[in-house]
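This report concerns only the one structure given below.
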Amino acid sequence: MKITHLTALVLMSLSLSSQAVRAAGGQLLIWEDIKKSSGISDAVKDFEKENNVKVVVQETPYAQQTEKLRLDGPAGIGPDVVVIPNDQLGTAVVQGLLAPLNLDKTFLASFTPPALNAFQLKGQTYGVPKAVETLVLIYNKDLLPQAPATLDEYYTFSKAERAKGKYGLLAKFDEVYYAYGAMASMGGYIFGKDAKGEINVEDIGLNKPGSIEAITYLKKFYADGLFPAGIVGDNGLNAIDSLFTEKKAAAVITGPWAFQPYEAAGIHYGVKALPLLPNGKPMSSFLGVKGYAVSTYSKQKPLAEKFITFINQPKYAKVRYEVTKEIPALTALVNDPMIKNDEKANAVAEQSTRATAMPGVPEMQEVWGPANNGIQLGVTGKQPVDAALNDAVKNIQMQIEAAKASNE
């Protein structure tokens, strides 16, 4: 769309007017996620009354806010508060986009530890958890009235279903996002920690004994023909969704994003936290966390901090959940009957306490490709598991070094 000279002047005028109002200390600009601002409207009104300040809320896709802030912040037209996914934290901090927060310890302790850890880096807190998202197990109650407790039971059930020409449990175990739940609970990891508890990107655990044991265990679902060939690779999720909605598969491991499509397909489904592994431990998973953060470029950082503390009180977070259905990260709400009595929300909340936040360091971006390739080669039997994972780690190390060199 072309912008005329007149339009550009009008936009510039509006921007300067906005800056003038904010410079007077009378306004906070908040970037909220798309179609989510209604969830904080009550909290915003109360904050305005108590603090005699104007709060302007603009909806912007949360996954794009970091990149937009990188441009708008230095230009003086950026927000005071943003919503970002935790896996963008490391890059945003390295780029100097987010201000470290100075928040009350009691307030921080009100969040589930995995969610809070997702916004902490090198001893600093850079965000307040807003909502959590993680993998769960979804099963068709008409095909599987009682969901098994263990992954071994799903394996046995899947063998029986294949004898009937159907599928039992389906999952994208050829990708690290889905295989990680077994790896983490069997002793594997992405990055280790140093003596101070900080992420050590030089310690990559994808080829450690626990990781090898986990991928070897998951391999039997492929080796015994319990997964169709079509669920391997980029189109795997679409194939899984199709088989489940066509009632050809009884259970799948996926995320909350599948709830609405499965309902629309008329599937009578249930939701559970992920099953137990042979070692008796529940499968872990990656935890995705949306959080509120304060822009480095904000001229009103203390007020911005006060705002994100205020709107994350339990009473406001509860309203936000009721409106948006995003699962809150507050311990008090995880145990609230409102969530406990909601099968879907309870499953996500329960699994989130077992999950691990995706490492919020820039180096994580170098993990996905090599890890997925190595895991896929291992579970499908195209390479020995240990060799495939060793190669994956070597490739990750090379990509990290290459990225480091290009930034110097």
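Labeling convention for the structure tokens: chains A, B, ... as they appear, residues from 1 per chain, ligands from 1 in order of appearance.
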
Legend entry - Close residues, stretch 266-272 of chain A itself excluded, 6 Å, only C-alpha atoms, min 6 positions apart in chain, as a count of residues only: 7

Would you tabulate, counting only C-alpha atoms, all residues of stretch 164-252 of chain A that have an atom at most 12 Å from an atom of stretch 349-354 of chain A, showing the closest pair of atoms and their distance in Å to one decimal, sorted by chain then ascending number, as a tab-separated table?
```
residue	atom	partner	partner_atom	distance
A:Gly181	CA	A:Arg354	CA	9.4
A:Ala182	CA	A:Arg354	CA	11.8
A:Ala184	CA	A:Arg354	CA	10.3
A:Ser185	CA	A:Arg354	CA	9.5
```

Legend entry - Selection: 9 Å around stretch 207-216 of chain A, only C-alpha atoms, excl. self and same-chain fewer than 4 positions, as a PyMOL selection string: chain A and resi 173-174+179-180+182-189+220+375+378-379+385-393

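Those residues of stretch 210-352 of chain A that DSSP, working from the backbone, places in strand (DSSP E) are A:Ala249, A:Ala250, A:Ala251, A:Val252, A:Ile253, A:Thr254, A:Tyr269, A:Gly270, A:Val271, A:Lys272, A:Phe286, A:Leu287, A:Gly288, A:Val289, A:Lys290, A:Gly291, A:Tyr292, A:Ala293, A:Val294.
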
Legend entry - Top pick for closest residue to A:Val289, considering A:Val44, A:Ile204, A:Leu103, A:Ala329 and counting only C-alpha atoms: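 Of the candidates, the smallest distance to A:Val289 is held by A:Ala329.
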
Using only C-alpha atoms, I'd like a table of the residues in stretch 273-307 of chain A that come within 8 Å of stretch 57-80 of chain A; for each, show the closest atom pair and its distance in Å rounded to one decimal, ordered by chain and ascending number, as JSON lines.
```
{"residue": "A:Val294", "atom": "CA", "partner": "A:Asp80", "partner_atom": "CA", "distance": 5.8}
{"residue": "A:Ser295", "atom": "CA", "partner": "A:Asp80", "partner_atom": "CA", "distance": 5.4}
{"residue": "A:Thr296", "atom": "CA", "partner": "A:Gly73", "partner_atom": "CA", "distance": 7.9}
{"residue": "A:Tyr297", "atom": "CA", "partner": "A:Gly73", "partner_atom": "CA", "distance": 5.6}
{"residue": "A:Ser298", "atom": "CA", "partner": "A:Asp80", "partner_atom": "CA", "distance": 4.8}
{"residue": "A:Lys299", "atom": "CA", "partner": "A:Asp80", "partner_atom": "CA", "distance": 7.6}
{"residue": "A:Gln300", "atom": "CA", "partner": "A:Asp80", "partner_atom": "CA", "distance": 7.2}
{"residue": "A:Lys301", "atom": "CA", "partner": "A:Asp80", "partner_atom": "CA", "distance": 7.2}
{"residue": "A:Ala304", "atom": "CA", "partner": "A:Asp80", "partner_atom": "CA", "distance": 6.2}
```

Any chance you could export the current selection's C-alpha atoms as a short mmCIF file (atom, residue, chain, number, x, y, z; two decimals), in the first residue's frame?
```cif
data_model
loop_
_atom_site.label_atom_id
_atom_site.label_comp_id
_atom_site.auth_asym_id
_atom_site.auth_seq_id
_atom_site.Cartn_x
_atom_site.Cartn_y
_atom_site.Cartn_z
CA VAL A 294 9.39 -3.23 29.90
CA SER A 295 11.08 -1.53 26.97
CA THR A 296 14.57 -0.16 27.47
CA TYR A 297 13.37 2.94 25.65
CA SER A 298 10.50 3.64 28.07
CA LYS A 299 10.73 7.01 29.80
CA GLN A 300 8.54 5.73 32.62
CA LYS A 301 10.08 2.44 33.65
CA ALA A 304 5.59 0.47 33.60
#
```

Inset, instruction - Report the distance between atom CA of A:Ile327 and atom CA of A:Ala131 in Å, rounded to one decimal place. - result: 5.2 Å

Quick check for you: according to DSSP on this backbone, which residues of stretch 78-248 of chain A are classed as helix (DSSP H, G or I)? Reply as a PDB file with C-alpha atoms, in the first residue's frame.
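Produced file states.pdb, reproduced below:
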```pdb
ATOM      1  CA  ASN A  86      10.145 -16.441  26.212  1.00  0.00           C
ATOM      2  CA  ASP A  87      12.187 -17.972  23.385  1.00  0.00           C
ATOM      3  CA  GLN A  88      12.863 -14.440  22.094  1.00  0.00           C
ATOM      4  CA  LEU A  89      14.181 -13.243  25.451  1.00  0.00           C
ATOM      5  CA  GLY A  90      17.884 -13.879  24.848  1.00  0.00           C
ATOM      6  CA  THR A  91      17.961 -12.090  21.519  1.00  0.00           C
ATOM      7  CA  ALA A  92      15.941  -9.156  22.860  1.00  0.00           C
ATOM      8  CA  VAL A  93      18.287  -8.741  25.843  1.00  0.00           C
ATOM      9  CA  VAL A  94      21.418  -8.984  23.693  1.00  0.00           C
ATOM     10  CA  LYS A 105      10.320 -11.209  45.711  1.00  0.00           C
ATOM     11  CA  THR A 106       6.942 -12.154  47.159  1.00  0.00           C
ATOM     12  CA  PHE A 107       5.253 -11.131  43.929  1.00  0.00           C
ATOM     13  CA  LEU A 108       7.720 -13.149  41.838  1.00  0.00           C
ATOM     14  CA  PRO A 113       8.901 -21.637  38.921  1.00  0.00           C
ATOM     15  CA  PRO A 114       9.193 -22.912  35.311  1.00  0.00           C
ATOM     16  CA  ALA A 115       7.220 -19.932  34.001  1.00  0.00           C
ATOM     17  CA  LEU A 116       9.192 -17.397  36.027  1.00  0.00           C
ATOM     18  CA  ASN A 117      12.515 -18.980  35.042  1.00  0.00           C
ATOM     19  CA  LEU A 151       3.689 -44.514  27.384  1.00  0.00           C
ATOM     20  CA  ASP A 152       4.339 -48.271  27.481  1.00  0.00           C
ATOM     21  CA  GLU A 153       0.578 -48.837  27.683  1.00  0.00           C
ATOM     22  CA  TYR A 154       0.079 -46.592  24.659  1.00  0.00           C
ATOM     23  CA  TYR A 155       2.681 -48.655  22.819  1.00  0.00           C
ATOM     24  CA  THR A 156       0.787 -51.873  23.583  1.00  0.00           C
ATOM     25  CA  PHE A 157      -2.539 -50.266  22.691  1.00  0.00           C
ATOM     26  CA  SER A 158      -1.082 -48.947  19.431  1.00  0.00           C
ATOM     27  CA  LYS A 159       0.050 -52.439  18.413  1.00  0.00           C
ATOM     28  CA  ALA A 160      -3.491 -53.730  18.961  1.00  0.00           C
ATOM     29  CA  GLU A 161      -4.951 -50.855  16.927  1.00  0.00           C
ATOM     30  CA  ARG A 162      -2.564 -51.463  14.028  1.00  0.00           C
ATOM     31  CA  VAL A 176      13.121 -32.119  19.264  1.00  0.00           C
ATOM     32  CA  TYR A 177      10.080 -30.092  20.358  1.00  0.00           C
ATOM     33  CA  TYR A 178       8.122 -33.331  20.815  1.00  0.00           C
ATOM     34  CA  ALA A 179      10.937 -35.769  21.663  1.00  0.00           C
ATOM     35  CA  TYR A 180      12.357 -33.482  24.345  1.00  0.00           C
ATOM     36  CA  GLY A 181       9.728 -34.611  26.861  1.00  0.00           C
ATOM     37  CA  ALA A 182      11.233 -38.104  26.936  1.00  0.00           C
ATOM     38  CA  MET A 183      14.826 -36.885  26.699  1.00  0.00           C
ATOM     39  CA  ALA A 184      14.527 -34.476  29.627  1.00  0.00           C
ATOM     40  CA  SER A 185      12.877 -37.019  31.920  1.00  0.00           C
ATOM     41  CA  PRO A 209      23.334 -41.115  27.636  1.00  0.00           C
ATOM     42  CA  GLY A 210      19.858 -39.962  28.716  1.00  0.00           C
ATOM     43  CA  SER A 211      19.146 -38.474  25.297  1.00  0.00           C
ATOM     44  CA  ILE A 212      20.382 -41.576  23.491  1.00  0.00           C
ATOM     45  CA  GLU A 213      18.280 -43.809  25.759  1.00  0.00           C
ATOM     46  CA  ALA A 214      15.175 -41.681  25.139  1.00  0.00           C
ATOM     47  CA  ILE A 215      15.482 -41.603  21.347  1.00  0.00           C
ATOM     48  CA  THR A 216      16.213 -45.339  21.304  1.00  0.00           C
ATOM     49  CA  TYR A 217      13.029 -45.894  23.305  1.00  0.00           C
ATOM     50  CA  LEU A 218      10.905 -43.694  21.017  1.00  0.00           C
ATOM     51  CA  LYS A 219      12.387 -45.424  17.976  1.00  0.00           C
ATOM     52  CA  LYS A 220      10.294 -48.551  18.605  1.00  0.00           C
ATOM     53  CA  PHE A 221       7.099 -46.672  17.685  1.00  0.00           C
ATOM     54  CA  TYR A 222       8.588 -46.280  14.187  1.00  0.00           C
ATOM     55  CA  ALA A 223      10.394 -49.607  13.990  1.00  0.00           C
ATOM     56  CA  ALA A 229       5.379 -42.705   7.223  1.00  0.00           C
ATOM     57  CA  GLY A 230       3.464 -39.494   6.538  1.00  0.00           C
ATOM     58  CA  ILE A 231       3.956 -38.061  10.014  1.00  0.00           C
ATOM     59  CA  GLY A 236       3.647 -34.493   9.926  1.00  0.00           C
ATOM     60  CA  LEU A 237       1.356 -32.351  12.065  1.00  0.00           C
ATOM     61  CA  ASN A 238      -1.199 -32.015   9.291  1.00  0.00           C
ATOM     62  CA  ALA A 239      -1.198 -35.788   8.849  1.00  0.00           C
ATOM     63  CA  ILE A 240      -1.666 -36.339  12.583  1.00  0.00           C
ATOM     64  CA  ASP A 241      -4.553 -33.876  12.737  1.00  0.00           C
ATOM     65  CA  SER A 242      -6.226 -35.521   9.743  1.00  0.00           C
ATOM     66  CA  LEU A 243      -5.973 -39.024  11.175  1.00  0.00           C
ATOM     67  CA  PHE A 244      -7.333 -37.868  14.529  1.00  0.00           C
ATOM     68  CA  THR A 245     -10.259 -35.884  13.130  1.00  0.00           C
TER      69      THR A 245
END
```

Inset, instruction - List the neighbours of A:Ser41 out to 10 Å using only C-alpha atoms; skip same-chain residues closer than 2 positions along the sequence, and give me the result as a ChimeraX atom specification. - result: /A:36-39,43-47,57,311,316,319-320

Inset, instruction - Can you pull out every residue within 8 Å of stretch 248-264 of chain A, counting only C-alpha atoms, but drop anything in the same chain fewer than 6 positions away, and send it as a PyMOL selection string? - result: chain A and resi 133-140+143-144+166-172+240+274+348

Inset, instruction - Measure the distance from atom CA of A:Tyr126 to atom CA of A:Pro100 in Å and round it to one decimal. - result: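 Computing the Euclidean distance for atom CA of A:Tyr126 and atom CA of A:Pro100 yields 4.8 Å.
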